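Enquirer: Here it is, the structure, as structure tokens.
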Amino acid sequence: MKLSNLSETLIGSEIVKLGGEIREKIGNGERIYNFTVGDFDPSIFPIPIQLEDAIVDAYRNHFTNYPAAEGNLDLREAVASFTRDMEGLDYGPNEILVASGGRPLIYAVFRAICNKGDKVIYAVPSWNNNHYTHFVGGEHVVVEAKAENNFMPVAKDIQPHILDAALIALCSPQNPTGTTFHKKELEDICDLVIKENNRRGKTEKKLYVLYDQMYWHLTYGDIKHYDPVNLRPAMRDYTIYIDAISKVFASTGVRVGWSMGPSVIITKMKAILTHVGAWAPMAEQKAVAKFLSQRDAIKKFLSHFKSEVEERLRRIYDGFMKLKAEGYPVDAIAPEAAIYLTIKIDLAGKKTARGKLLKDQSDVTAYLLNEASLAVVPFYAFGASRNSPWYRLSVGTCKTEEIDEMIHKLGEALKKLK
């Protein structure tokens with residue numbers, strides 16, 4: 001049966017495929033170290049108790065009707081205050097749009113800005129930009145980020161493609177890499193955008209930046225989060241931010257996100273989502289509006305939450321460095337942010353104890369799952385080349401007692417290869 005061209009040409013998810021294999025193994029009683037999901041185990045990382053109580057109270061107070069299409073005013077005011085105090089970004093309620101997490105907002109940005117055939121610039125590896133570009137029939141302009149830049153795009157790689165582009169999709173801290181833009185790198189990209197828009201004058205369509213900063217609170221050590229408008233105020237006219245409670249408060253299933261940007265674009269995004277119906281639930285909106293004003297509770301939660309996530313990331317990183325020092329073909333990038341660690345497992349071309357050749361990275365991924373019980377997501381699932389030996393490792397469901405076990409079992413699996 002033939003359906004729409006869009007549905008017939010959607011690319012299947014490698015993560016979903018891998019997830020099916022993991023569930024089958026777990027269902028068969030196998031112990032799997034599952035580091036694939038960009039989510040949290042609530043028994044390890046529960047949402048803040050103040051937020052939980054506020055959600056329950058909101059339902060008991062019968063906040064179960066439709067919210068405002070753009071998000072309730074009290075929540076948009078709370079987001080404006082929270083963002084101004086925490087990040088130094090000053091947006092009014094009419095420049096903020098609320099939805100059920102970041103995904104519908106990202107979709108709305110693409111829909112509001114891009115026509116069929118418009119150039120969309122995005123780096124790989126990155127999360128879902130290829131799919132959103134496909135949704136709008138855009139021209140994929142793919143920049144492959146490199147390990148030497150911690151897999152973050154740089155201005156010199158973007159610059160050749162900037163002429164007539166409609167949108168640049170950026171993310172920092174980055175999913176899947178857990179790395180961030182450093183100040184100079186992001187300034188250089190902003191300067192490219194400003195220069196290009198000045199060249200286009202008043203009549204041509206402008207070049208916009210989608211800036212996904214879903215993980216921006218979760219930075220570690222000396223790492224600082226940078227954003228376009230704070231670095232270059234002229235970027236305010238061209239930047240649309242994506243943010244949410246999903247990651248910062250381990251609240252992926254609560255589904256409250258927001259976008260901030262020029263009111264003319266926010267208004268168009270609202271019109272699009274009005275027809276989609278992607279509103280955050282009324283009760284959750286009321287609860288988040290209340291919770292965002294509780295700055296002391298937020299700081300206390302983040303202090304504990306961040307230390308727990310960072311401990312897991314650093315212990316796994318140290319384990320990989322130990323394996324590397326022992327001569328195994330593995331590596332990792334030191335943790336910077338988010339809940340992800342970028343790891344390298346370069347086994348393609350090696351043979352198993354039974355003589356089977358690991359001919360490509362897909363074979364390597366399967367070997368890790370079958371011999372080390374280790375489930376991680378290859379970068380090719382995020383648009384990188386099929387022969388990339390790099391992986392995303394997520395610690396949102398990681399128990400600390402599993403880390404040494406996992407590293408030991410990985411070492412044993414590596415020993416078996418020839």
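In the structure tokens, chains take the letters A, B, ... in the order shown, each chain's residues start at 1, and ligands count up from 1 in the order shown.
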Against stretch 319-341 of chain A, which residues of stretch 73-169 of chain A fall within 10 Å? For each one I want the closest pair of atoms and the distance in Å (one decimal), counting only C-alpha atoms, rows by chain and increasing residue number, as a tab-separated table.
Expert:
```
residue	atom	partner	partner_atom	distance
A:Ala147	CA	A:Ile333	CA	8.7
A:Glu148	CA	A:Ile333	CA	9.9
A:Asn150	CA	A:Ile333	CA	7.2
A:Phe151	CA	A:Ile333	CA	9.7
```
Enquirer: Give me a file of those residues, with C-alpha atoms, as a CSV table (one decimal), in the first residue's frame.
Expert:
```
chain,number,residue,atom,x,y,z
A,147,ALA,CA,36.8,14.6,17.4
A,148,GLU,CA,39.4,17.3,17.6
A,150,ASN,CA,34.9,17.5,20.7
A,151,PHE,CA,32.3,16.9,17.9
```
Enquirer: Would you return as a PyMOL selection string the members of stretch 184-412 of chain A that DSSP assigns to helix (DSSP H, G or I) on this structure's backbone?
Expert: chain A and resi 184-200+228-231+233-237+263-276+282-291+295-325+361-371+379-382+400-412
Enquirer: At most 8 Å is the cut-off: for each residue in stretch 275-361 of chain A with any atom that close to an atom of stretch 246-263 of chain A, write down the nearest atom pair and the distance in Å rounded to one decimal, counting only C-alpha atoms, chain first then increasing number, as a Markdown table.
Expert:
```
| residue | atom | partner | partner_atom | distance |
| --- | --- | --- | --- | --- |
| A:Ala280 | CA | A:Val256 | CA | 5.4 |
| A:Pro281 | CA | A:Arg255 | CA | 7.8 |
| A:Glu284 | CA | A:Val254 | CA | 6.9 |
| A:Gln285 | CA | A:Val256 | CA | 6.9 |
| A:Val288 | CA | A:Val256 | CA | 7.9 |
| A:Leu302 | CA | A:Val248 | CA | 7.7 |
```
Enquirer: Which residue out of A:Ser293, A:Ala375, A:Phe305, A:Gln50 has the minimum interatomic distance to A:Arg23 when only C-alpha atoms are used?
Expert: A:Ala375
Enquirer: Got a sec: who's within 9 Å of A:Ile22, counting only C-alpha atoms, leaving out chain neighbours fewer than 3 positions off, as JSON, numbers by chain?
Expert: {"A": [17, 18, 19, 25, 26, 27, 32, 34, 369, 375]}
Enquirer: Go ahead and save the residues from that selection, with N, CA and C atoms, as a short mmCIF file (atom, residue, chain, number, x, y, z; two decimals), in the first residue's frame.
Expert:
```
data_model
loop_
_atom_site.label_atom_id
_atom_site.label_comp_id
_atom_site.auth_asym_id
_atom_site.auth_seq_id
_atom_site.Cartn_x
_atom_site.Cartn_y
_atom_site.Cartn_z
N LYS A 17 15.69 0.25 16.92
CA LYS A 17 16.11 -1.10 16.56
C LYS A 17 16.97 -1.71 17.66
N LEU A 18 17.96 -0.95 18.13
CA LEU A 18 18.81 -1.43 19.21
C LEU A 18 18.01 -1.68 20.48
N GLY A 19 17.06 -0.78 20.76
CA GLY A 19 16.22 -0.95 21.94
C GLY A 19 15.43 -2.24 21.93
N LYS A 25 16.75 -9.34 25.05
CA LYS A 25 17.75 -9.96 25.91
C LYS A 25 17.36 -9.88 27.38
N ILE A 26 16.86 -8.72 27.79
CA ILE A 26 16.43 -8.57 29.18
C ILE A 26 15.26 -9.51 29.47
N GLY A 27 14.35 -9.61 28.48
CA GLY A 27 13.22 -10.51 28.63
C GLY A 27 13.62 -11.97 28.77
N ILE A 32 21.97 -6.77 31.24
CA ILE A 32 22.45 -5.82 30.24
C ILE A 32 22.78 -4.50 30.91
N ASN A 34 22.62 -1.14 30.24
CA ASN A 34 21.92 -0.37 29.22
C ASN A 34 22.20 1.12 29.37
N LEU A 369 27.19 -5.76 22.69
CA LEU A 369 25.96 -6.18 23.34
C LEU A 369 26.00 -7.67 23.70
N ALA A 375 25.26 -1.97 26.14
CA ALA A 375 24.41 -1.35 25.14
C ALA A 375 24.67 0.15 25.11
#
```
Enquirer: Just the number, please: distance in Å from atom CA of A:Lys418 to atom CA of A:Thr36, one decimal.
Expert: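 Taking atom CA of A:Lys418 as the start and atom CA of A:Thr36 as the end point, the length is 26.9 Å.
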Enquirer: Quick one: everything within 9 Å of stretch 207-212 of chain A, counting only C-alpha atoms, minus sequence neighbours fewer than 6 positions away in the same chain. Send it as a ChimeraX atom specification.
Expert: /A:102,106,109-110,113,162,164-174,190,193-194,196-197,200,227-228,235,237-243
Enquirer: Please run DSSP on the backbone and report, as a ChimeraX atom specification, all residues within stretch 277-356 of chain A that come out as strand (DSSP E).
Expert: /A:330-332,340-345
Enquirer: For A:Lys350, list every protein, DNA or RNA residue within 7 Å, evaluated using only C-alpha atoms, and leave out those in the same chain fewer than 3 positions away; present the list as a ChimeraX atom specification.
Expert: /A:347,357-358,417-418
Enquirer: Restricting the calculation to only C-alpha atoms, which member of A:Val276, A:Val309, A:Ala348, A:Leu10 is positioned closest to A:Tyr367?
Expert: A:Ala348
Enquirer: For a quick check of understanding, using only C-alpha atoms, which of A:Lys146, A:His408, A:His140, A:Arg111 has the smallest distance to A:Ser385?
Expert: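 Of A:Lys146, A:His408, A:His140, A:Arg111, the one nearest A:Ser385, counting only C-alpha atoms, is A:Lys146.
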Enquirer: Using only C-alpha atoms for the distances, tell me which of A:Phe382, A:Trp216, A:Tyr66, A:Phe135 is nearest to A:Trp279.
Expert: A:Tyr66
Enquirer: Check the smallest atom-to-atom distance from each of A:Glu412, A:Glu185, A:Asp360, A:Asp346 to A:Tyr391 using only C-alpha atoms, then report the winner.
Expert: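 Going through A:Glu412, A:Glu185, A:Asp360, A:Asp346 one by one, the smallest distance to A:Tyr391 is for A:Asp346.
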Enquirer: Looking at A:Val37, A:Ala99, A:Ile223, A:Thr400, which one is nearest to A:Val377, with distances taken over only C-alpha atoms?
Expert: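 Using only C-alpha atoms, the shortest distance to A:Val377 belongs to A:Val37.
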Enquirer: Can you list, as an mmCIF file with C-alpha atoms, in the first residue's frame, every protein, DNA or RNA residue that comes within 10 Å of A:Ile158 when you count only C-alpha atoms, leaving out same-chain residues fewer than 2 positions away?
Expert:
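result_22.cif written:
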```
data_model
loop_
_atom_site.group_PDB
_atom_site.id
_atom_site.type_symbol
_atom_site.label_atom_id
_atom_site.label_comp_id
_atom_site.auth_asym_id
_atom_site.auth_seq_id
_atom_site.Cartn_x
_atom_site.Cartn_y
_atom_site.Cartn_z
ATOM 1 C CA ILE A 121 22.609 23.497 8.072
ATOM 2 C CA TYR A 122 23.257 21.040 10.884
ATOM 3 C CA ALA A 123 26.211 19.113 12.211
ATOM 4 C CA VAL A 141 23.452 20.664 4.457
ATOM 5 C CA VAL A 142 25.405 18.323 6.701
ATOM 6 C CA VAL A 143 28.601 19.345 8.460
ATOM 7 C CA GLU A 144 30.485 16.417 9.993
ATOM 8 C CA PRO A 153 30.628 22.343 14.700
ATOM 9 C CA VAL A 154 32.974 25.231 13.994
ATOM 10 C CA ALA A 155 32.471 28.384 11.954
ATOM 11 C CA LYS A 156 34.974 27.511 9.206
ATOM 12 C CA PRO A 160 30.977 27.675 2.905
ATOM 13 C CA HIS A 161 27.285 26.721 3.144
ATOM 14 C CA ILE A 162 25.804 29.870 4.638
ATOM 15 C CA ILE A 168 21.236 26.602 11.311
ATOM 16 C CA ILE A 189 29.300 31.254 14.314
ATOM 17 C CA LEU A 192 28.855 34.604 10.464
#
```
